[in-house]
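As structure tokens, the structure follows; a few thoughts come after it.
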Amino acid sequence: MPKAKVTFQDIAVSVTVPAGTRLIEVSEKVGAGITYGCREGECCTCLTKVVSGGENLAAPSVLEDQVLKDNMAPRGHRLACQAQIIGGEIVVRPA
Amino acid sequence: MPAAGLTDRAVEIAPGVHWVGALDPHLRNFDIILKTANGTSYNSYVVRGETGVAIVDTVKEEFADTFFARLESVARYDEISVIVLNHLEPDHSGALPELLKRAPQARVYLSSRAQMMLKALLKPTGEKAPEYIPVTTDDEVDLGGRTLRFLHTPYLHWPDTQCTYLVEDGLLFSGDVFGCHFCDARLFNDMAGDFRFSFEYYYAHIMRPFREYVLDAIALIEPLAINLIAPAHGPILRHAPRDYVHRYRELATPRLFNEARSEKTLVVFYISAYGNTRRMAEALAAGAERIAGVRVSLYDLEGGESGIFTDLIEEADGLAFGSPTINADAVKPIWDVLSSLTTVNVKGKLGAAFGSYGWSGEAVRLIEDRLRGLKLRVPVDGLRIKLVPDNGELDECRQLGESLARHLTGQMENREIDMAALA
């Protein structure tokens, strides 16, 4: 299975993950500072800054796009409960 | 002027501005978490301009009839051009679906974050959401000779909250900010009973978890010329309104000077039956103090009360909790503290757990789960030690403290792990 590497900058942890993993699945396990509310892509609590490697995340769904827009999320931000890792290297930190 | 509770008519609070809210004197418990010894009020307002009429917030659904009766005493539904929603919690939006039916031409002004809530609120009615305009700071609506200007004040106390300023009159519709659960038909602060306790109690339970946002809002509000503050609950503040703004700033500011403010602070709480978890706590604290820029405080939970500890927790950058395991659980004083944190913001603080155990040692994992549930980051695995820690194990405690201190000061070395190795 293709692998990817995601680094949580706030806790200085890099995790090798299988492609297809969502950020939420790994950030919770390593104790990163990204926090969650609804976990369904609606509340925007898990807004995450993608420091680099944004192209290695699957494009946001219509729902995620709308929620990011509604909440005036700056460019380069994603919802960790929605963002799916597709490969390569990604660096993130809590927004 | 008649007391509002004795009549179904609106009460003028400024020329062309009326209170059309409702009194709920018998409520004794609000939203489960707040005691309301003499009830509350749901304040709603009508602003009349030369070309339009605005409604600012509504009331709890069961008081809709009173609201509409008061509203009808000062405005016709077909005159309503603007509905401002400063906050969509049901105690302020309960009469909204019916108001939208009666005044379908009105345009709704709300904060960006209120949009999804509006749709969710209207879901049961099956009605299509009305025309709504998301607004932010400095956006304005002209009512003809009168201007409503919006202030983006999120998290006071929901993501959607905003304040609305009536520019020409220096009148601030503040939503829940500066409000309190105090029901008094005399309506105004210079006529009502002594509501100071209720004002501070309301702040402590509703606003305190969001004090950074309170300070942001106060920064927007302080420069305004304010003649009157019309909150969504409790007395209308027409006498010395600025005093209440000032009091909010005081309440949102830590009381004593923080001697450690140039450093990161780690507070270690513990409770110990035979002194083993205490020894772990002391070693952890000693380890953390090895790292420059970290100030450590050590507290035995047996020697204090959760209210005071809540204050400490609010101020701390990092928190470590030590508990023995008794009957497969952490002990009650730990849970007392960890269940008392809804009034402060702990999101993003560093958290850790440790403890000595005799048989099974579940306490540490249970505390870690709770800390994660409270939205702390828990990047360092907790430490469980069977019964009496020996020198090597005390050294592990010191290393845990050192590791926490490195996290607090941003000195941790990057770790590489495989997801498969994570539990």
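Letters for chains follow the order of the structure tokens (A, B, ...), residue numbers begin at 1 for each chain, and ligand numbers begin at 1 in the order shown.
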Residues of chain A within 9 Å of chain B, only C-alpha atoms counted, as an mmCIF file with C-alpha atoms, in the first residue's frame:
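Below you can see part-v5.cif, which holds the result:
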data_model
loop_
_atom_site.group_PDB
_atom_site.id
_atom_site.type_symbol
_atom_site.label_atom_id
_atom_site.label_comp_id
_atom_site.auth_asym_id
_atom_site.auth_seq_id
_atom_site.Cartn_x
_atom_site.Cartn_y
_atom_site.Cartn_z
ATOM 1 C CA LYS A 5 4.437 11.049 5.732
ATOM 2 C CA THR A 7 4.312 15.890 10.228
ATOM 3 C CA GLN A 9 4.560 20.607 13.631
ATOM 4 C CA ASP A 10 3.131 21.547 17.035
ATOM 5 C CA ILE A 11 4.310 18.327 18.678
ATOM 6 C CA ALA A 12 7.249 17.583 16.348
ATOM 7 C CA VAL A 13 6.026 14.176 15.312
ATOM 8 C CA SER A 14 6.190 12.701 11.821
ATOM 9 C CA VAL A 15 4.037 9.685 11.126
ATOM 10 C CA THR A 16 4.235 7.301 8.219
ATOM 11 C CA VAL A 17 0.680 6.499 7.208
ATOM 12 C CA PRO A 18 -1.045 4.448 4.513
ATOM 13 C CA VAL A 26 -3.584 10.013 12.906
ATOM 14 C CA GLU A 28 -5.722 12.030 17.519
ATOM 15 C CA LYS A 29 -3.500 8.992 17.962
ATOM 16 C CA VAL A 30 -0.320 11.030 18.291
ATOM 17 C CA GLY A 31 -1.885 13.668 20.562
ATOM 18 C CA ALA A 32 -1.439 16.618 18.235
ATOM 19 C CA GLY A 33 -3.094 19.907 19.157
ATOM 20 C CA ILE A 34 -5.741 19.790 16.433
ATOM 21 C CA THR A 35 -9.074 19.630 18.218
ATOM 22 C CA TYR A 36 -12.350 18.205 17.036
ATOM 23 C CA GLU A 42 -19.629 20.970 9.694
ATOM 24 C CA VAL A 67 -17.667 25.131 5.448
ATOM 25 C CA ASP A 70 -18.549 30.027 5.521
ATOM 26 C CA ASN A 71 -15.961 30.271 8.238
ATOM 27 C CA MET A 72 -13.679 32.555 6.281
ATOM 28 C CA PRO A 94 -3.424 23.639 14.372
#
Write out as a PyMOL selection string all residues of range 174-421 of chain B that backbone DSSP assigns to helix (DSSP H, G or I). chain B and resi 196-221+241-251+276-289+301-303+306-315+332-338+363-373+391-408+419-421
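Counting from CA of Glu396 in chain B, the distance to CA of Ala352 in chain B is 13.9 Å.
Candidate residues A:Leu23, A:Cys81, A:Met1, A:Val6 were compared for distance to Gly37 in chain A, and the nearest is A:Cys81, using only C-alpha atoms.
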Within 8 Å of range 225-238 of chain B, counting only C-alpha atoms, which residues qualify if same-chain residues fewer than 2 places away don't, as a ChimeraX atom specification? /B:40-44,57,92,169-184,187-190,192,223,240-242
For C-alpha atoms, I'd like the residues from the last selection saved as a PDB file, in the first residue's frame.
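Final output, part-v2.pdb:
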ATOM      1  CA  THR B  40     -34.514  35.616  33.372  1.00  0.00           C
ATOM      2  CA  SER B  41     -35.694  37.773  30.521  1.00  0.00           C
ATOM      3  CA  TYR B  42     -35.433  37.358  26.765  1.00  0.00           C
ATOM      4  CA  ASN B  43     -34.819  40.804  25.359  1.00  0.00           C
ATOM      5  CA  SER B  44     -35.822  41.670  21.856  1.00  0.00           C
ATOM      6  CA  ASP B  57     -33.355  39.086  18.120  1.00  0.00           C
ATOM      7  CA  HIS B  92     -33.278  34.190  21.172  1.00  0.00           C
ATOM      8  CA  ASP B 169     -28.030  56.814  19.097  1.00  0.00           C
ATOM      9  CA  GLY B 170     -24.876  55.262  20.552  1.00  0.00           C
ATOM     10  CA  LEU B 171     -26.920  52.198  21.398  1.00  0.00           C
ATOM     11  CA  LEU B 172     -25.346  48.762  21.496  1.00  0.00           C
ATOM     12  CA  PHE B 173     -27.446  45.619  21.047  1.00  0.00           C
ATOM     13  CA  SER B 174     -24.920  43.348  22.634  1.00  0.00           C
ATOM     14  CA  GLY B 175     -26.548  39.908  22.483  1.00  0.00           C
ATOM     15  CA  ASP B 176     -25.513  37.813  25.464  1.00  0.00           C
ATOM     16  CA  VAL B 177     -22.533  40.066  26.188  1.00  0.00           C
ATOM     17  CA  PHE B 178     -23.217  42.259  29.246  1.00  0.00           C
ATOM     18  CA  GLY B 179     -26.336  40.204  29.881  1.00  0.00           C
ATOM     19  CA  CYS B 180     -27.420  38.263  32.929  1.00  0.00           C
ATOM     20  CA  HIS B 181     -30.220  36.052  34.100  1.00  0.00           C
ATOM     21  CA  PHE B 182     -32.144  38.504  36.206  1.00  0.00           C
ATOM     22  CA  CYS B 183     -35.824  39.037  35.701  1.00  0.00           C
ATOM     23  CA  ASP B 184     -37.105  42.437  36.676  1.00  0.00           C
ATOM     24  CA  LEU B 187     -36.252  46.645  32.906  1.00  0.00           C
ATOM     25  CA  PHE B 188     -33.547  49.291  33.386  1.00  0.00           C
ATOM     26  CA  ASN B 189     -30.425  48.971  35.501  1.00  0.00           C
ATOM     27  CA  ASP B 190     -31.106  52.179  37.424  1.00  0.00           C
ATOM     28  CA  ALA B 192     -34.073  47.120  38.819  1.00  0.00           C
ATOM     29  CA  PRO B 223     -13.925  53.050  21.152  1.00  0.00           C
ATOM     30  CA  ALA B 240     -23.218  54.239  33.296  1.00  0.00           C
ATOM     31  CA  PRO B 241     -23.161  51.628  30.514  1.00  0.00           C
ATOM     32  CA  ARG B 242     -19.424  52.018  30.096  1.00  0.00           C
TER      33      ARG B 242
END
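The spacing separating CA of His157 in chain B from CA of Leu71 in chain B amounts to 26.7 Å.
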Interatomic distance (Å, one decimal) between CA of Leu68 in chain A and CA of Gln82 in chain A: 11.3 Å
Near-range 263-274 of chain B list (8 Å; only C-alpha atoms; drop same-chain fewer than 6 positions) as an mmCIF file with N, CA and C atoms, in the first residue's frame:
data_model
loop_
_atom_site.group_PDB
_atom_site.id
_atom_site.type_symbol
_atom_site.label_atom_id
_atom_site.label_comp_id
_atom_site.auth_asym_id
_atom_site.auth_seq_id
_atom_site.Cartn_x
_atom_site.Cartn_y
_atom_site.Cartn_z
ATOM 1 N N ALA B 281 5.285 12.604 41.267
ATOM 2 C CA ALA B 281 4.994 14.006 40.946
ATOM 3 C C ALA B 281 6.209 14.890 41.222
ATOM 4 N N ALA B 285 8.267 16.999 38.468
ATOM 5 C CA ALA B 285 8.455 18.449 38.589
ATOM 6 C C ALA B 285 9.943 18.798 38.532
ATOM 7 N N GLY B 293 13.263 28.240 31.206
ATOM 8 C CA GLY B 293 12.075 28.862 30.614
ATOM 9 C C GLY B 293 10.778 28.197 31.019
ATOM 10 N N VAL B 294 10.853 27.252 31.960
ATOM 11 C CA VAL B 294 9.633 26.590 32.430
ATOM 12 C C VAL B 294 9.501 26.777 33.934
ATOM 13 N N ARG B 295 8.356 27.240 34.367
ATOM 14 C CA ARG B 295 8.078 27.428 35.793
ATOM 15 C C ARG B 295 7.088 26.344 36.219
ATOM 16 N N VAL B 296 7.494 25.539 37.208
ATOM 17 C CA VAL B 296 6.669 24.401 37.624
ATOM 18 C C VAL B 296 6.016 24.688 38.974
ATOM 19 N N SER B 297 4.750 24.308 39.111
ATOM 20 C CA SER B 297 4.050 24.384 40.398
ATOM 21 C C SER B 297 3.520 22.996 40.723
ATOM 22 N N LEU B 298 3.592 22.639 41.989
ATOM 23 C CA LEU B 298 3.190 21.303 42.413
ATOM 24 C C LEU B 298 2.036 21.430 43.403
ATOM 25 N N TYR B 299 0.952 20.746 43.142
ATOM 26 C CA TYR B 299 -0.223 20.844 44.016
ATOM 27 C C TYR B 299 -0.758 19.465 44.383
ATOM 28 N N ASP B 300 -0.959 19.268 45.692
ATOM 29 C CA ASP B 300 -1.625 18.063 46.168
ATOM 30 C C ASP B 300 -3.132 18.336 46.183
ATOM 31 N N LEU B 301 -3.886 17.571 45.427
ATOM 32 C CA LEU B 301 -5.325 17.834 45.311
ATOM 33 C C LEU B 301 -6.063 17.691 46.639
ATOM 34 N N GLU B 302 -5.454 16.969 47.564
ATOM 35 C CA GLU B 302 -6.109 16.830 48.875
ATOM 36 C C GLU B 302 -6.135 18.146 49.637
ATOM 37 N N LEU B 312 -6.083 28.030 38.500
ATOM 38 C CA LEU B 312 -4.702 27.680 38.154
ATOM 39 C C LEU B 312 -4.628 27.063 36.763
ATOM 40 N N ILE B 313 -5.580 26.197 36.500
ATOM 41 C CA ILE B 313 -5.589 25.490 35.218
ATOM 42 C C ILE B 313 -5.802 26.468 34.067
ATOM 43 N N ALA B 316 -2.442 28.060 33.301
ATOM 44 C CA ALA B 316 -1.261 27.233 33.010
ATOM 45 C C ALA B 316 -1.118 26.932 31.522
ATOM 46 N N ASP B 317 0.133 26.734 31.102
ATOM 47 C CA ASP B 317 0.382 26.285 29.730
ATOM 48 C C ASP B 317 0.327 24.768 29.634
ATOM 49 N N GLY B 318 0.787 24.107 30.702
ATOM 50 C CA GLY B 318 0.801 22.649 30.698
ATOM 51 C C GLY B 318 0.279 22.102 32.006
ATOM 52 N N LEU B 319 -0.324 20.917 31.937
ATOM 53 C CA LEU B 319 -0.939 20.317 33.117
ATOM 54 C C LEU B 319 -0.573 18.843 33.178
ATOM 55 N N ALA B 320 -0.136 18.405 34.354
ATOM 56 C CA ALA B 320 0.104 16.973 34.533
ATOM 57 C C ALA B 320 -0.715 16.515 35.731
ATOM 58 N N PHE B 321 -1.385 15.390 35.577
ATOM 59 C CA PHE B 321 -2.254 14.872 36.641
ATOM 60 C C PHE B 321 -1.756 13.498 37.069
ATOM 61 N N GLY B 322 -1.525 13.354 38.385
ATOM 62 C CA GLY B 322 -1.080 12.075 38.908
ATOM 63 C C GLY B 322 -2.124 11.461 39.817
ATOM 64 N N SER B 323 -2.467 10.215 39.537
ATOM 65 C CA SER B 323 -3.466 9.538 40.378
ATOM 66 C C SER B 323 -3.098 8.075 40.541
ATOM 67 N N PRO B 324 -3.276 7.541 41.736
ATOM 68 C CA PRO B 324 -3.208 6.089 41.860
ATOM 69 C C PRO B 324 -4.440 5.474 41.200
ATOM 70 N N PRO B 333 -11.055 12.884 43.548
ATOM 71 C CA PRO B 333 -10.583 14.288 43.465
ATOM 72 C C PRO B 333 -10.052 14.659 42.070
ATOM 73 N N ILE B 334 -9.472 13.697 41.365
ATOM 74 C CA ILE B 334 -9.024 13.971 39.996
ATOM 75 C C ILE B 334 -10.235 14.241 39.099
ATOM 76 N N ALA B 405 8.461 19.681 29.498
ATOM 77 C CA ALA B 405 9.041 21.029 29.464
ATOM 78 C C ALA B 405 9.569 21.356 28.072
ATOM 79 N N LEU B 408 6.715 22.290 25.972
ATOM 80 C CA LEU B 408 6.216 23.628 26.296
ATOM 81 C C LEU B 408 7.086 24.714 25.696
ATOM 82 N N THR B 409 8.363 24.447 25.602
ATOM 83 C CA THR B 409 9.296 25.483 25.133
ATOM 84 C C THR B 409 9.681 25.293 23.667
#
With DSSP run on the backbone, what are the strand (DSSP E or B) residues within chain A? I'd like them as a PDB file with C-alpha atoms, in the first residue's frame.
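The result, written out as states-v4.pdb:
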ATOM      1  CA  LYS A   3       2.680   5.371   2.118  1.00  0.00           C
ATOM      2  CA  ALA A   4       2.791   9.040   3.003  1.00  0.00           C
ATOM      3  CA  LYS A   5       4.437  11.049   5.732  1.00  0.00           C
ATOM      4  CA  VAL A   6       2.542  13.613   7.760  1.00  0.00           C
ATOM      5  CA  THR A   7       4.312  15.890  10.228  1.00  0.00           C
ATOM      6  CA  PHE A   8       2.457  17.543  13.088  1.00  0.00           C
ATOM      7  CA  VAL A  13       6.026  14.176  15.312  1.00  0.00           C
ATOM      8  CA  SER A  14       6.190  12.701  11.821  1.00  0.00           C
ATOM      9  CA  VAL A  15       4.037   9.685  11.126  1.00  0.00           C
ATOM     10  CA  THR A  16       4.235   7.301   8.219  1.00  0.00           C
ATOM     11  CA  VAL A  17       0.680   6.499   7.208  1.00  0.00           C
ATOM     12  CA  PRO A  18      -1.045   4.448   4.513  1.00  0.00           C
ATOM     13  CA  ARG A  22      -7.653  11.080   7.051  1.00  0.00           C
ATOM     14  CA  LEU A  47      -9.439  23.803  11.070  1.00  0.00           C
ATOM     15  CA  THR A  48      -5.822  22.986  10.309  1.00  0.00           C
ATOM     16  CA  LYS A  49      -3.097  24.982   8.643  1.00  0.00           C
ATOM     17  CA  VAL A  50      -1.343  23.023   5.925  1.00  0.00           C
ATOM     18  CA  VAL A  51       2.205  24.337   6.158  1.00  0.00           C
ATOM     19  CA  SER A  52       3.367  22.380   3.129  1.00  0.00           C
ATOM     20  CA  LEU A  57      -4.218  15.881   0.302  1.00  0.00           C
ATOM     21  CA  HIS A  77      -6.358  25.567   5.571  1.00  0.00           C
ATOM     22  CA  ARG A  78      -8.301  22.310   5.695  1.00  0.00           C
ATOM     23  CA  LEU A  79     -10.628  20.439   7.983  1.00  0.00           C
ATOM     24  CA  GLN A  84      -7.520  12.638   3.164  1.00  0.00           C
ATOM     25  CA  ILE A  85      -3.809  11.980   2.688  1.00  0.00           C
ATOM     26  CA  GLY A  88       4.054  12.296  -0.359  1.00  0.00           C
ATOM     27  CA  GLU A  89       4.876  14.560   2.570  1.00  0.00           C
ATOM     28  CA  ILE A  90       2.557  16.926   4.388  1.00  0.00           C
ATOM     29  CA  VAL A  91       3.278  19.297   7.254  1.00  0.00           C
ATOM     30  CA  VAL A  92       0.377  20.584   9.341  1.00  0.00           C
ATOM     31  CA  ARG A  93      -0.299  22.458  12.530  1.00  0.00           C
ATOM     32  CA  PRO A  94      -3.424  23.639  14.372  1.00  0.00           C
TER      33      PRO A  94
END
If we count only C-alpha atoms, what is near Pro60 in chain A at a cut-off of 7 Å, once residues fewer than 3 positions away on the same chain are taken out, given as a PyMOL selection string? chain A and resi 64-65+83
Shell around Ile80 in chain B at 8 Å using only C-alpha atoms, local window under 3 positions removed, as a list of chain:residue names: B:Gly52, B:Val53, B:Ala54, B:Ile55, B:Ala75, B:Arg76, B:Tyr77, B:Ile83, B:Ala103, B:Gln105, B:Ala106
Within 9 Å of range 141-147 of chain B, counting only C-alpha atoms, which residues qualify if same-chain residues fewer than 3 places away don't, as a PyMOL selection string? chain B and resi 47-54+81-82+109+150+165-169
Go ahead and save the picked residues with C-alpha atoms, as a PDB file, in the first residue's frame.
ATOM      1  CA  VAL B  47     -35.740  49.976  15.821  1.00  0.00           C
ATOM      2  CA  ARG B  48     -37.750  52.335  13.648  1.00  0.00           C
ATOM      3  CA  GLY B  49     -36.051  54.307  10.913  1.00  0.00           C
ATOM      4  CA  GLU B  50     -37.525  56.577   8.241  1.00  0.00           C
ATOM      5  CA  THR B  51     -37.524  53.845   5.611  1.00  0.00           C
ATOM      6  CA  GLY B  52     -37.548  50.625   7.548  1.00  0.00           C
ATOM      7  CA  VAL B  53     -38.107  48.801  10.786  1.00  0.00           C
ATOM      8  CA  ALA B  54     -35.601  46.368  12.260  1.00  0.00           C
ATOM      9  CA  SER B  81     -37.460  45.266   6.520  1.00  0.00           C
ATOM     10  CA  VAL B  82     -34.618  43.904   8.652  1.00  0.00           C
ATOM     11  CA  TYR B 109     -28.652  39.877   8.913  1.00  0.00           C
ATOM     12  CA  PHE B 150     -22.317  45.171  12.991  1.00  0.00           C
ATOM     13  CA  TYR B 165     -24.553  49.150  17.102  1.00  0.00           C
ATOM     14  CA  LEU B 166     -27.165  51.791  16.391  1.00  0.00           C
ATOM     15  CA  VAL B 167     -24.774  54.479  15.269  1.00  0.00           C
ATOM     16  CA  GLU B 168     -26.786  57.696  15.605  1.00  0.00           C
ATOM     17  CA  ASP B 169     -28.030  56.814  19.097  1.00  0.00           C
TER      18      ASP B 169
END
